[in-house]
Amino acid sequence: MATPAHWVGMDLAEITASIPALICSYDAGHNCRFVNSQFEEWFGRAPDDFIGMHMREILGDDEYVRLTPFLAQVAAGEQVAFDARSRHRDGTMRDLSVRYVPQSDDAGYNGFLAFIFETASHQHRFHSVFDGSPVAYWEIDYTLRKNRQVGGSVREILPSLRLVDLNRAAELLFQMNRADAIGCGIADLWPASSEPDFQTLVDAARAGDERFEVETRLLRKDGTPLDVLLNCVFPQSSDIRSTITLAIIDLTERKARAAAVETLQNELAHASRVAMLGELAASIAHEVNQPLGAIVNNGSAALRWLNRSEPALDEVRQSLELLVGEANRASEIIVRMRALASRGSLERKPVDPAQLLRDVRAIVSQQVRSLGSSLALETPDIGRQLSADRVQMQQVLVNLVINAAQAMAGQAGHREIRLQAAEAADGVVFVVEDTGPGIPDDKVSTVFDAFYTTKATGMGIGLSVSKTIVEAHGGAITAEARSPHGARFTVRLPYAGDADT
Ligand code: ADP
């Protein structure tokens with residue numbers, strides 16, 4: 001009766017003859033126990049010749065030494081899989097996928113079975129994808145795994161990593177040719193400044209991570225920098241391959257685009273700062289212009305009273321008092337504007353709405369008259385006071401009244417401005433109405449835009465500043481057409497503004 005080993009051996013030879021793979025069995029001392037018929041095709045020797053031969057003799061010293069780590073692993077009872085390259089008897093180098101499966105009997109480990117597949121066809125398929133891809137790929141030898149056990153710093157590992165292959169896209173990206181690049185160390189393409197990124201790759205490999213991605217900077221062959229996204233999937237522990245493929249995505253253009261956008265944004269920010277300064281300067285000029293006009297008028301009036309043959313000193317005094325009042329107002333406006341520009345706080349104080357309207361009338365009456373309009377005040381007794389910045393609120397209402405007077409300046413007939421204050425549920429509503437041309441419906445918001453003006457010498461600042469002031473008080477300002485004609489501006493101010501305090 002055949003021994004089981006013999007029986008198994010016979011069976012294996014028959015079964016394995018039709019498998020397109022080299023299949024063999026070694027004992028624990030690495031002596032050959034069995035090879036299948038494919039060995040004949042590969043080595044040109046009859047299968048029986050191999051039986052009893054030592055693995056070193058079959059594969060040669062170099063190859064045997066290279067396999068030492070895998071032989072140690074299989075002897076420890078682990079299944080081992082790895083890629084290898086070996087010379088066929090026709091002289092060509094062939095890519096092989098090797099798997100060692102440990103064998104044991106009651107006495108323990110007694111050797112292993114080796115399955116060796118030629119991966120040329122797989123490789124071919126892989127390479128056609130690899131080569132045709134628009135993404136650059138590097139295949140590097142995966143000594144990281146070895147280093148996983150032995151440790152080793154990035155500076156030690158990096159010089160030991162070699163390019164096993166690279167695709168067409170990588171040739172173009174790194175400006176190097178495949179034949180020259182294969183076998184080269186990747187350290188030349190990896191600048192010292194990117195070593196920390198390499199460290200993260202090593203850490204990920206050592207931690208047994210599945211995949212890895214990092215944005216880093218590599219170098220082309222000529223030393224010019226290249227911003228890239230590196231991506232790789234680490235071989236799994238059951239699939240111990242000796243190479244690792246890195247996908248390299250060129251970010252240079254993307255980065256250049258991002259930099260261009262950033263420059264543009266900076267320029268825009270700068271331009272808007274300049275515009276804001278311009279706006280501020282224009283608004284100061286606008287707001288101060290009105291008291292300056294009053295100062296000149298009062299000064300001229302005072303001179304006229306003085307130049308009379310009998311100077312009317314009372315009138316001179318009155319004009320000069322008005323002049324001083326206007327000059328103080330101009331300087332207060334500047335202080336307020338400066339506070340506004342530096343986002344300073346409003347100077348809130350109790351303000352009586354009726355008194356506010358009377359102040360405004362005192363400020364504008366002369367100008368309104370000179371523009372040919374009349375101003376009617378409606379000041380019902382409002383019991384509560386507002387908490388507001390008096391000068392800023394004066395500015396807002398003065399603006400509205402002067403705008404109304406200017407809007408009606410050219411027209412014949414009735415020119416009346418009504419300035420009213422009324423109590424609402426949570427605050428005070430101020431209304432400025434005129435009988436001028438009014439505001440077209442599609443312009444009721446636009447009039448508050450900075451620089452929007454329909455006046456030949458207008459600056460389009462008054463309403464935009466007014467809106468800023470009212471909103472800083474927690475209020476709102478709106479414009480609308482008034483029936484049958486004219487414009488109506490409404491300012492709502494809450495008793496307790498919740499905005500800036
Ligand atoms: P400016 O005084 O330079 O015109 P404003 O911001 O004060 O700037 O006003 C912007 C524009 O709003 C004015 O040019 C005008 O077209 C319109 N406007 C403002 N008030 C009135 C009003 N009472 N009646 C008609 N149009 C007005």
# chains A, B, ... in the order shown; residues from 1 in each chain; ligands from 1

$ residues_near_ligand --ligand "ligand 1" --cutoff "6 Å" --atoms "only C-alpha atoms and all ligand atoms" --output "PyMOL selection string"
chain A and resi 403-404+407+437-439+447+452-455+458-464+487

$ write_last_selection --atoms "N, CA, C and O atoms" --output "PDB file, in the first residue's frame"
ATOM      1  N   ASN A 403     -32.403 117.866   1.760  1.00  0.00           N
ATOM      2  CA  ASN A 403     -32.702 117.116   0.531  1.00  0.00           C
ATOM      3  C   ASN A 403     -34.085 117.485   0.004  1.00  0.00           C
ATOM      4  O   ASN A 403     -34.259 117.673  -1.204  1.00  0.00           O
ATOM      5  N   ALA A 404     -35.060 117.591   0.923  1.00  0.00           N
ATOM      6  CA  ALA A 404     -36.429 117.923   0.521  1.00  0.00           C
ATOM      7  C   ALA A 404     -36.464 119.313  -0.107  1.00  0.00           C
ATOM      8  O   ALA A 404     -37.068 119.518  -1.169  1.00  0.00           O
ATOM      9  N   ALA A 407     -34.887 119.165  -3.484  1.00  0.00           N
ATOM     10  CA  ALA A 407     -35.712 118.470  -4.467  1.00  0.00           C
ATOM     11  C   ALA A 407     -36.775 119.408  -5.043  1.00  0.00           C
ATOM     12  O   ALA A 407     -37.157 119.300  -6.202  1.00  0.00           O
ATOM     13  N   PRO A 437     -40.755 116.340  -6.553  1.00  0.00           N
ATOM     14  CA  PRO A 437     -40.990 115.361  -7.629  1.00  0.00           C
ATOM     15  C   PRO A 437     -41.138 113.923  -7.114  1.00  0.00           C
ATOM     16  O   PRO A 437     -41.613 113.053  -7.846  1.00  0.00           O
ATOM     17  N   GLY A 438     -40.726 113.707  -5.871  1.00  0.00           N
ATOM     18  CA  GLY A 438     -40.853 112.343  -5.307  1.00  0.00           C
ATOM     19  C   GLY A 438     -39.743 111.421  -5.775  1.00  0.00           C
ATOM     20  O   GLY A 438     -38.814 111.835  -6.490  1.00  0.00           O
ATOM     21  N   ILE A 439     -39.859 110.160  -5.356  1.00  0.00           N
ATOM     22  CA  ILE A 439     -38.822 109.167  -5.680  1.00  0.00           C
ATOM     23  C   ILE A 439     -39.487 108.009  -6.417  1.00  0.00           C
ATOM     24  O   ILE A 439     -40.479 107.455  -5.920  1.00  0.00           O
ATOM     25  N   VAL A 447     -31.642 105.031  -3.201  1.00  0.00           N
ATOM     26  CA  VAL A 447     -31.243 106.363  -2.727  1.00  0.00           C
ATOM     27  C   VAL A 447     -30.328 106.281  -1.508  1.00  0.00           C
ATOM     28  O   VAL A 447     -29.579 107.220  -1.246  1.00  0.00           O
ATOM     29  N   TYR A 452     -24.944 107.384  -4.747  1.00  0.00           N
ATOM     30  CA  TYR A 452     -26.099 107.528  -5.636  1.00  0.00           C
ATOM     31  C   TYR A 452     -26.587 108.973  -5.518  1.00  0.00           C
ATOM     32  O   TYR A 452     -26.939 109.449  -4.437  1.00  0.00           O
ATOM     33  N   THR A 453     -26.571 109.677  -6.642  1.00  0.00           N
ATOM     34  CA  THR A 453     -27.046 111.067  -6.626  1.00  0.00           C
ATOM     35  C   THR A 453     -27.634 111.414  -7.986  1.00  0.00           C
ATOM     36  O   THR A 453     -27.215 110.875  -9.004  1.00  0.00           O
ATOM     37  N   THR A 454     -28.621 112.285  -7.980  1.00  0.00           N
ATOM     38  CA  THR A 454     -29.163 112.770  -9.262  1.00  0.00           C
ATOM     39  C   THR A 454     -28.878 114.255  -9.396  1.00  0.00           C
ATOM     40  O   THR A 454     -29.369 114.899 -10.304  1.00  0.00           O
ATOM     41  N   LYS A 455     -28.068 114.740  -8.449  1.00  0.00           N
ATOM     42  CA  LYS A 455     -27.768 116.175  -8.474  1.00  0.00           C
ATOM     43  C   LYS A 455     -26.442 116.443  -9.156  1.00  0.00           C
ATOM     44  O   LYS A 455     -25.496 115.671  -8.974  1.00  0.00           O
ATOM     45  N   GLY A 458     -24.087 116.819  -6.480  1.00  0.00           N
ATOM     46  CA  GLY A 458     -24.319 115.931  -5.325  1.00  0.00           C
ATOM     47  C   GLY A 458     -23.184 114.934  -5.155  1.00  0.00           C
ATOM     48  O   GLY A 458     -22.409 114.679  -6.088  1.00  0.00           O
ATOM     49  N   MET A 459     -23.099 114.393  -3.954  1.00  0.00           N
ATOM     50  CA  MET A 459     -22.077 113.366  -3.693  1.00  0.00           C
ATOM     51  C   MET A 459     -22.709 112.011  -3.414  1.00  0.00           C
ATOM     52  O   MET A 459     -22.023 110.996  -3.392  1.00  0.00           O
ATOM     53  N   GLY A 460     -24.007 112.007  -3.150  1.00  0.00           N
ATOM     54  CA  GLY A 460     -24.671 110.730  -2.891  1.00  0.00           C
ATOM     55  C   GLY A 460     -24.233 110.089  -1.590  1.00  0.00           C
ATOM     56  O   GLY A 460     -24.179 108.870  -1.467  1.00  0.00           O
ATOM     57  N   ILE A 461     -23.891 110.918  -0.618  1.00  0.00           N
ATOM     58  CA  ILE A 461     -23.367 110.406   0.646  1.00  0.00           C
ATOM     59  C   ILE A 461     -24.358 110.574   1.789  1.00  0.00           C
ATOM     60  O   ILE A 461     -24.467 109.731   2.667  1.00  0.00           O
ATOM     61  N   GLY A 462     -25.116 111.670   1.755  1.00  0.00           N
ATOM     62  CA  GLY A 462     -25.975 112.044   2.887  1.00  0.00           C
ATOM     63  C   GLY A 462     -26.872 110.917   3.356  1.00  0.00           C
ATOM     64  O   GLY A 462     -26.876 110.574   4.545  1.00  0.00           O
ATOM     65  N   LEU A 463     -27.618 110.310   2.446  1.00  0.00           N
ATOM     66  CA  LEU A 463     -28.562 109.269   2.861  1.00  0.00           C
ATOM     67  C   LEU A 463     -27.856 108.004   3.323  1.00  0.00           C
ATOM     68  O   LEU A 463     -28.329 107.325   4.223  1.00  0.00           O
ATOM     69  N   SER A 464     -26.719 107.690   2.690  1.00  0.00           N
ATOM     70  CA  SER A 464     -26.028 106.460   3.117  1.00  0.00           C
ATOM     71  C   SER A 464     -25.468 106.628   4.528  1.00  0.00           C
ATOM     72  O   SER A 464     -25.527 105.712   5.346  1.00  0.00           O
ATOM     73  N   ALA A 487     -42.075 113.268  -1.673  1.00  0.00           N
ATOM     74  CA  ALA A 487     -41.363 112.120  -1.088  1.00  0.00           C
ATOM     75  C   ALA A 487     -41.586 112.100   0.405  1.00  0.00           C
ATOM     76  O   ALA A 487     -41.837 113.137   1.024  1.00  0.00           O
TER      77      ALA A 487
END

$ select_by_dssp --residues "stretch 330-391 of chain A" --states "helix (DSSP H, G or I)" --output "MDAnalysis selection string"
chainID A and resid 330:341 353:370 390:391

$ write_last_selection --atoms "N, CA, C and O atoms" --output "short mmCIF file (atom, residue, chain, number, x, y, z; two decimals), in the first residue's frame"
data_model
loop_
_atom_site.label_atom_id
_atom_site.label_comp_id
_atom_site.auth_asym_id
_atom_site.auth_seq_id
_atom_site.Cartn_x
_atom_site.Cartn_y
_atom_site.Cartn_z
N ALA A 330 -20.04 122.11 13.70
CA ALA A 330 -19.14 121.51 12.71
C ALA A 330 -18.07 120.69 13.41
O ALA A 330 -17.76 119.56 13.00
N SER A 331 -17.55 121.24 14.49
CA SER A 331 -16.47 120.49 15.15
C SER A 331 -17.04 119.24 15.84
O SER A 331 -16.40 118.18 15.83
N GLU A 332 -18.26 119.34 16.36
CA GLU A 332 -18.89 118.15 16.95
C GLU A 332 -19.12 117.07 15.89
O GLU A 332 -18.92 115.88 16.15
N ILE A 333 -19.53 117.52 14.71
CA ILE A 333 -19.78 116.56 13.61
C ILE A 333 -18.50 115.79 13.31
O ILE A 333 -18.49 114.57 13.17
N ILE A 334 -17.40 116.53 13.27
CA ILE A 334 -16.14 115.87 12.95
C ILE A 334 -15.78 114.84 14.03
O ILE A 334 -15.37 113.72 13.73
N VAL A 335 -15.98 115.24 15.29
CA VAL A 335 -15.70 114.30 16.39
C VAL A 335 -16.57 113.05 16.23
O VAL A 335 -16.10 111.92 16.34
N ARG A 336 -17.87 113.24 15.95
CA ARG A 336 -18.80 112.11 15.78
C ARG A 336 -18.40 111.22 14.61
O ARG A 336 -18.39 110.01 14.70
N MET A 337 -18.03 111.88 13.48
CA MET A 337 -17.66 111.12 12.30
C MET A 337 -16.43 110.27 12.58
O MET A 337 -16.33 109.12 12.17
N ARG A 338 -15.50 110.87 13.33
CA ARG A 338 -14.28 110.15 13.64
C ARG A 338 -14.62 108.93 14.51
O ARG A 338 -14.11 107.84 14.32
N ALA A 339 -15.51 109.15 15.47
CA ALA A 339 -15.91 108.05 16.35
C ALA A 339 -16.58 106.95 15.52
O ALA A 339 -16.33 105.76 15.72
N LEU A 340 -17.38 107.37 14.56
CA LEU A 340 -18.08 106.41 13.70
C LEU A 340 -17.08 105.62 12.88
O LEU A 340 -17.18 104.39 12.75
N ALA A 341 -16.07 106.36 12.34
CA ALA A 341 -15.08 105.71 11.48
C ALA A 341 -14.27 104.70 12.26
O ALA A 341 -13.94 103.64 11.76
N PRO A 353 -37.56 114.22 21.78
CA PRO A 353 -37.85 114.25 20.34
C PRO A 353 -38.32 115.63 19.87
O PRO A 353 -37.88 116.08 18.80
N ALA A 354 -39.15 116.31 20.67
CA ALA A 354 -39.65 117.62 20.23
C ALA A 354 -38.51 118.63 20.18
O ALA A 354 -38.40 119.43 19.24
N GLN A 355 -37.61 118.55 21.17
CA GLN A 355 -36.46 119.45 21.20
C GLN A 355 -35.54 119.19 20.00
O GLN A 355 -35.01 120.12 19.41
N LEU A 356 -35.43 117.90 19.65
CA LEU A 356 -34.59 117.54 18.50
C LEU A 356 -35.13 118.24 17.24
O LEU A 356 -34.35 118.83 16.46
N LEU A 357 -36.45 118.21 17.06
CA LEU A 357 -37.03 118.85 15.87
C LEU A 357 -36.82 120.36 15.89
O LEU A 357 -36.51 120.96 14.86
N ARG A 358 -36.92 120.94 17.08
CA ARG A 358 -36.71 122.40 17.17
C ARG A 358 -35.25 122.75 16.84
O ARG A 358 -34.99 123.72 16.14
N ASP A 359 -34.32 121.89 17.31
CA ASP A 359 -32.90 122.11 16.98
C ASP A 359 -32.69 122.07 15.47
O ASP A 359 -32.00 122.91 14.89
N VAL A 360 -33.32 121.09 14.88
CA VAL A 360 -33.15 120.92 13.43
C VAL A 360 -33.69 122.15 12.70
O VAL A 360 -33.05 122.68 11.79
N ARG A 361 -34.86 122.58 13.16
CA ARG A 361 -35.42 123.78 12.49
C ARG A 361 -34.46 124.96 12.60
O ARG A 361 -34.21 125.68 11.64
N ALA A 362 -33.89 125.14 13.80
CA ALA A 362 -32.97 126.26 14.00
C ALA A 362 -31.79 126.15 13.05
O ALA A 362 -31.32 127.15 12.51
N ILE A 363 -31.35 124.93 12.83
CA ILE A 363 -30.17 124.75 11.97
C ILE A 363 -30.50 125.01 10.50
O ILE A 363 -29.72 125.62 9.78
N VAL A 364 -31.65 124.54 10.06
CA VAL A 364 -31.90 124.57 8.60
C VAL A 364 -32.75 125.73 8.11
O VAL A 364 -32.83 125.97 6.90
N SER A 365 -33.40 126.43 9.02
CA SER A 365 -34.44 127.36 8.54
C SER A 365 -33.93 128.35 7.49
O SER A 365 -34.58 128.57 6.48
N GLN A 366 -32.74 128.88 7.75
CA GLN A 366 -32.23 129.87 6.81
C GLN A 366 -32.02 129.27 5.41
O GLN A 366 -32.41 129.84 4.40
N GLN A 367 -31.40 128.07 5.41
CA GLN A 367 -31.11 127.42 4.13
C GLN A 367 -32.40 127.04 3.40
O GLN A 367 -32.51 127.18 2.17
N VAL A 368 -33.38 126.56 4.18
CA VAL A 368 -34.65 126.17 3.58
C VAL A 368 -35.31 127.40 2.94
O VAL A 368 -35.80 127.34 1.81
N ARG A 369 -35.25 128.47 3.66
CA ARG A 369 -35.83 129.71 3.12
C ARG A 369 -35.13 130.11 1.84
O ARG A 369 -35.75 130.46 0.85
N SER A 370 -33.79 130.07 1.89
CA SER A 370 -33.05 130.52 0.70
C SER A 370 -33.32 129.61 -0.51
O SER A 370 -33.15 130.01 -1.64
N ARG A 390 -27.32 112.94 20.08
CA ARG A 390 -28.10 114.11 19.64
C ARG A 390 -27.57 114.69 18.32
O ARG A 390 -28.32 114.92 17.38
N VAL A 391 -26.23 114.86 18.27
CA VAL A 391 -25.66 115.49 17.07
C VAL A 391 -25.88 114.62 15.83
O VAL A 391 -26.22 115.11 14.76
#

$ atom_distance --atom1 "atom CA of A:Phe115" --atom2 "atom CA of A:Leu67"
14.1 Å

$ select_by_dssp --residues "stretch 146-259 of chain A" --states "strand (DSSP E)" --output "VMD selection string"
chain A and resid 163 to 166 211 to 219 225 to 233 243 to 250

$ residues_around --residues "A:Pro350" --least-positions-apart "5" --cutoff "10 Å" --atoms "only C-alpha atoms" --output "list in words"
Arg384, Gln385, Leu386, Ser387, Ala388, Asp389, Arg390 and Tyr495 of chain A

$ write_last_selection --atoms "N, CA and C atoms" --output "short mmCIF file (atom, residue, chain, number, x, y, z; two decimals), in the first residue's frame"
data_model
loop_
_atom_site.label_atom_id
_atom_site.label_comp_id
_atom_site.auth_asym_id
_atom_site.auth_seq_id
_atom_site.Cartn_x
_atom_site.Cartn_y
_atom_site.Cartn_z
N ARG A 384 -41.84 110.38 26.53
CA ARG A 384 -40.57 109.72 26.83
C ARG A 384 -39.41 110.32 26.03
N GLN A 385 -38.25 110.12 26.55
CA GLN A 385 -37.05 110.60 25.85
C GLN A 385 -36.38 109.43 25.13
N LEU A 386 -35.70 109.79 24.07
CA LEU A 386 -34.91 108.77 23.36
C LEU A 386 -33.53 108.70 23.99
N SER A 387 -32.90 107.56 23.85
CA SER A 387 -31.49 107.51 24.23
C SER A 387 -30.72 107.49 22.92
N ALA A 388 -30.18 108.66 22.55
CA ALA A 388 -29.58 108.76 21.22
C ALA A 388 -28.41 109.73 21.23
N ASP A 389 -27.65 109.68 20.14
CA ASP A 389 -26.57 110.65 19.96
C ASP A 389 -27.21 111.87 19.30
N ARG A 390 -27.32 112.94 20.08
CA ARG A 390 -28.10 114.11 19.64
C ARG A 390 -27.57 114.69 18.32
N TYR A 495 -36.91 103.24 21.67
CA TYR A 495 -36.54 103.92 22.91
C TYR A 495 -35.22 103.38 23.43
#

$ residues_around --residues "A:Trp42" --least-positions-apart "5" --cutoff "10 Å" --atoms "only C-alpha atoms" --output "list in words"
Leu22, Ser37, Arg87, His88, Arg89 and Asp90 of chain A

$ residues_around --residues "stretch 221-235 of chain A" --least-positions-apart "6" --cutoff "6 Å" --atoms "only C-alpha atoms" --output "PyMOL selection string"
chain A and resi 174+210-215+246-252

$ write_last_selection --atoms "N, CA, C and O atoms" --output "CSV table (one decimal), in the first residue's frame"
chain,number,residue,atom,x,y,z
A,174,PHE,N,7.5,64.9,-13.6
A,174,PHE,CA,8.8,65.1,-12.9
A,174,PHE,C,9.9,65.4,-14.0
A,174,PHE,O,11.0,65.5,-13.6
A,210,GLU,N,-4.9,52.0,6.4
A,210,GLU,CA,-5.3,51.4,5.1
A,210,GLU,C,-4.8,52.3,3.9
A,210,GLU,O,-4.3,51.9,2.9
A,211,ARG,N,-5.1,53.6,4.1
A,211,ARG,CA,-4.7,54.6,3.1
A,211,ARG,C,-4.1,55.8,3.7
A,211,ARG,O,-4.1,56.0,4.9
A,212,PHE,N,-3.5,56.6,2.8
A,212,PHE,CA,-2.8,57.7,3.3
A,212,PHE,C,-2.9,58.8,2.2
A,212,PHE,O,-2.9,58.6,1.0
A,213,GLU,N,-3.0,60.0,2.7
A,213,GLU,CA,-3.0,61.2,1.8
A,213,GLU,C,-2.3,62.4,2.5
A,213,GLU,O,-2.5,62.6,3.7
A,214,VAL,N,-1.5,63.1,1.7
A,214,VAL,CA,-0.9,64.3,2.3
A,214,VAL,C,-0.6,65.3,1.1
A,214,VAL,O,-0.3,64.9,0.0
A,215,GLU,N,-0.7,66.5,1.5
A,215,GLU,CA,-0.3,67.6,0.5
A,215,GLU,C,1.1,67.9,0.8
A,215,GLU,O,1.4,68.2,2.0
A,246,LEU,N,2.2,55.1,-5.4
A,246,LEU,CA,1.8,56.4,-4.9
A,246,LEU,C,1.2,57.2,-6.0
A,246,LEU,O,1.8,57.3,-7.1
A,247,ALA,N,0.0,57.6,-5.8
A,247,ALA,CA,-0.6,58.5,-6.8
A,247,ALA,C,-0.2,59.9,-6.5
A,247,ALA,O,-0.3,60.3,-5.3
A,248,ILE,N,0.2,60.7,-7.5
A,248,ILE,CA,0.7,62.0,-7.3
A,248,ILE,C,-0.1,63.0,-8.1
A,248,ILE,O,0.0,63.0,-9.4
A,249,ILE,N,-0.9,63.8,-7.4
A,249,ILE,CA,-1.7,64.8,-8.2
A,249,ILE,C,-1.1,66.2,-8.1
A,249,ILE,O,-0.8,66.7,-7.0
A,250,ASP,N,-0.9,66.7,-9.3
A,250,ASP,CA,-0.2,68.0,-9.4
A,250,ASP,C,-1.2,69.2,-8.9
A,250,ASP,O,-2.3,69.3,-9.4
A,251,LEU,N,-0.7,69.9,-7.9
A,251,LEU,CA,-1.6,71.0,-7.3
A,251,LEU,C,-1.1,72.3,-7.8
A,251,LEU,O,-1.6,73.4,-7.4
A,252,THR,N,0.0,72.4,-8.5
A,252,THR,CA,0.7,73.6,-8.9
A,252,THR,C,-0.3,74.6,-9.4
A,252,THR,O,-0.4,75.8,-9.0

$ residues_around --residues "A:Gly183" --least-positions-apart "4" --cutoff "6 Å" --atoms "only C-alpha atoms" --output "MDAnalysis selection string"
chainID A and resid 162:164

$ closest_residue --among "A:Leu71, A:Ala450, A:Ile382, A:Val429" --to "A:Ser283" --atoms "only C-alpha atoms"
A:Ala450

$ residues_around --residues "A:Glu433" --least-positions-apart "3" --cutoff "6 Å" --atoms "only C-alpha atoms" --output "ChimeraX atom specification"
/A:417-418,487-488

$ closest_residue --among "A:Asp165, A:Asp203, A:Asp188, A:Glu423" --to "A:Phe130" --atoms "only C-alpha atoms"
A:Asp165

$ atom_distance --atom1 "atom CA of A:Ala376" --atom2 "atom CA of A:Leu400"
13.7 Å

$ decode --residues "stretch 24-38 of chain A" --atoms "N, CA and C atoms" --output "mmCIF file, in the first residue's frame"
data_model
loop_
_atom_site.group_PDB
_atom_site.id
_atom_site.type_symbol
_atom_site.label_atom_id
_atom_site.label_comp_id
_atom_site.auth_asym_id
_atom_site.auth_seq_id
_atom_site.Cartn_x
_atom_site.Cartn_y
_atom_site.Cartn_z
ATOM 1 N N CYS A 24 5.392 23.876 -5.486
ATOM 2 C CA CYS A 24 6.389 22.984 -4.939
ATOM 3 C C CYS A 24 6.244 22.895 -3.431
ATOM 4 N N SER A 25 6.967 21.927 -2.870
ATOM 5 C CA SER A 25 6.903 21.750 -1.425
ATOM 6 C C SER A 25 8.326 21.573 -0.911
ATOM 7 N N TYR A 26 8.633 22.263 0.196
ATOM 8 C CA TYR A 26 9.948 22.142 0.829
ATOM 9 C C TYR A 26 9.766 21.635 2.247
ATOM 10 N N ASP A 27 10.769 20.927 2.738
ATOM 11 C CA ASP A 27 10.684 20.519 4.148
ATOM 12 C C ASP A 27 11.242 21.642 5.028
ATOM 13 N N ALA A 28 11.257 21.395 6.339
ATOM 14 C CA ALA A 28 11.658 22.458 7.258
ATOM 15 C C ALA A 28 13.107 22.881 7.037
ATOM 16 N N GLY A 29 13.918 21.983 6.431
ATOM 17 C CA GLY A 29 15.318 22.329 6.177
ATOM 18 C C GLY A 29 15.518 22.918 4.793
ATOM 19 N N HIS A 30 14.408 23.242 4.108
ATOM 20 C CA HIS A 30 14.428 23.860 2.779
ATOM 21 C C HIS A 30 14.909 22.907 1.687
ATOM 22 N N ASN A 31 14.694 21.596 1.926
ATOM 23 C CA ASN A 31 14.995 20.627 0.879
ATOM 24 C C ASN A 31 13.715 20.330 0.118
ATOM 25 N N CYS A 32 13.845 20.192 -1.179
ATOM 26 C CA CYS A 32 12.661 20.043 -2.025
ATOM 27 C C CYS A 32 12.018 18.662 -1.852
ATOM 28 N N ARG A 33 10.694 18.668 -1.680
ATOM 29 C CA ARG A 33 9.955 17.408 -1.550
ATOM 30 C C ARG A 33 9.137 17.133 -2.810
ATOM 31 N N PHE A 34 8.794 18.227 -3.483
ATOM 32 C CA PHE A 34 7.902 18.053 -4.619
ATOM 33 C C PHE A 34 7.962 19.292 -5.508
ATOM 34 N N VAL A 35 7.927 19.089 -6.828
ATOM 35 C CA VAL A 35 7.692 20.223 -7.747
ATOM 36 C C VAL A 35 6.686 19.751 -8.789
ATOM 37 N N ASN A 36 5.899 20.635 -9.319
ATOM 38 C CA ASN A 36 4.959 20.199 -10.363
ATOM 39 C C ASN A 36 5.623 20.278 -11.731
ATOM 40 N N SER A 37 4.894 19.830 -12.731
ATOM 41 C CA SER A 37 5.504 19.692 -14.061
ATOM 42 C C SER A 37 5.862 21.030 -14.690
ATOM 43 N N GLN A 38 5.269 22.143 -14.139
ATOM 44 C CA GLN A 38 5.584 23.452 -14.727
ATOM 45 C C GLN A 38 7.052 23.836 -14.511
#
